[in-house]
Structures are given as C-alpha cells and as structure tokens.
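Q: To start, I am sharing the structure in question, which I have written as structure tokens.
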Amino acid sequence: MKTKAWLSILPPLLIGFQAEAATVSCNFFEGAVFDSELNWVGVPSDNAMFSLMSEELSVELDNSLLAQLDTGKPFFVSEHRKGKIYIAGSDAGVLGKMVSRTEDGSTVWDGFCQVGFG
C-alpha cells in the first residue's frame, strides 16, 4: 500500500522539479580593456565600472547546461545588452566573465555568479 502511495506522488514531484528553471545571477567587479589586436591596454573607466558593479545581471539557464558546471570548463550562457556572459564551475564557486566588444577592441569583466532555482 505504501509503495502505491509513493508511486502516485512521485510523478507530480518530478514534473514540478523539472519545470523549475535555473537562474544565474552574476556580479562583475573587475575588468580589462584590450585593443582590436588583443593587446591589453588598461582597465575600464570608473564610470563603466560603477555602472556595471551597481547592477546584478540575471539570466535563465537551461537545465541541460547545469551539468557543464561540474566540468570546470567555461561555457556560453547568454548574451546580455552589455556583452556575452560565460560561466565555469570551480572550487571557489561559479566564476563568470562577460565580454563586451566595440569597434576599438574588447573589455573582459570578471566576477562571481550564483545559480538559483525557482
């Protein structure tokens, strides 16, 4: 009898769990500016840094990508209006990078991310 009760409860629980989307929230705190030939030319302006630091970037993460965090290899998550976001799992948590391209070069922002559900 107890087995039948579990079998009737289990499918709705699994369906509800699979329906939850993961959300990645990143805070970027440091950046490096590169010219069009990928030479490091400095750091972003104070205004650019304050603008980005004051905003937490959140994007939905397809559940199929969650397993990639365990590999430790960086992978593309989403394109935000401020740049392309990549994340990688590590011993320190989830590391994030955002790459912003301009006609003059690129800015690479470093940060930490959190993965949440629901």
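Order determines the names: the first chain of the structure tokens is A, the second B, and so forth; residues in each chain are numbered 1 upward, and ligands are numbered 1 upward as they are shown.
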Using only C-alpha atoms, which protein or nucleic acid residues come within 8 Å of region 69-85 of chain A? Drop anything in the same chain fewer than 6 positions from it, and give the result as a list of chain:residue names.
A: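 Everything that qualifies: A:Val59, A:Leu61, A:Val94, A:Gly96, A:Lys97, A:Met98, A:Val99, A:Ser100, A:Arg101.
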Q: List the spatial neighbours of Glu30 (chain A) as an mmCIF file with N, CA and C atoms, in the first residue's frame - criterion: any atom at most 7 Å away, only C-alpha atoms, same-chain residues fewer than 2 positions off excluded.
A:
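Once written, out_28.cif looks like this:
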data_model
loop_
_atom_site.group_PDB
_atom_site.id
_atom_site.type_symbol
_atom_site.label_atom_id
_atom_site.label_comp_id
_atom_site.auth_asym_id
_atom_site.auth_seq_id
_atom_site.Cartn_x
_atom_site.Cartn_y
_atom_site.Cartn_z
ATOM 1 N N PHE A 28 29.822 41.479 -11.515
ATOM 2 C CA PHE A 28 31.143 41.682 -12.108
ATOM 3 C C PHE A 28 31.815 42.850 -11.399
ATOM 4 N N TRP A 109 35.155 41.411 -18.372
ATOM 5 C CA TRP A 109 34.798 41.652 -16.981
ATOM 6 C C TRP A 109 34.861 40.335 -16.222
ATOM 7 N N ASP A 110 35.381 40.350 -14.996
ATOM 8 C CA ASP A 110 35.455 39.169 -14.144
ATOM 9 C C ASP A 110 34.467 39.321 -12.994
ATOM 10 N N GLY A 111 33.912 38.183 -12.556
ATOM 11 C CA GLY A 111 33.009 38.217 -11.432
ATOM 12 C C GLY A 111 32.673 36.846 -10.913
#
Q: Would you mind reading off the distance between CA of Val33 (chain A) and CA of Gln114 (chain A), one decimal, in Å?
A: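 Value for the CA of Val33 (chain A)-CA of Gln114 (chain A) distance: 25.0 Å.
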Q: Which residues come within 12 Å of Gly42 (chain A), counting only C-alpha atoms, excluding same-chain residues fewer than 4 positions away, as a VMD selection string?
A: chain A and resid 30 to 35 38 46 105 to 108
Q: For CA of Thr23 (chain A) and CA of Val43 (chain A), determine how far apart the two atoms are, in Å to one decimal place.
A: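 Calculated distance between CA of Thr23 (chain A) and CA of Val43 (chain A) is 28.9 Å.
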Q: Find the distance between CA of Gly89 (chain A) and CA of Thr102 (chain A) and write it in Å to one decimal.
A: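 Between these atoms lies a distance of 27.8 Å.
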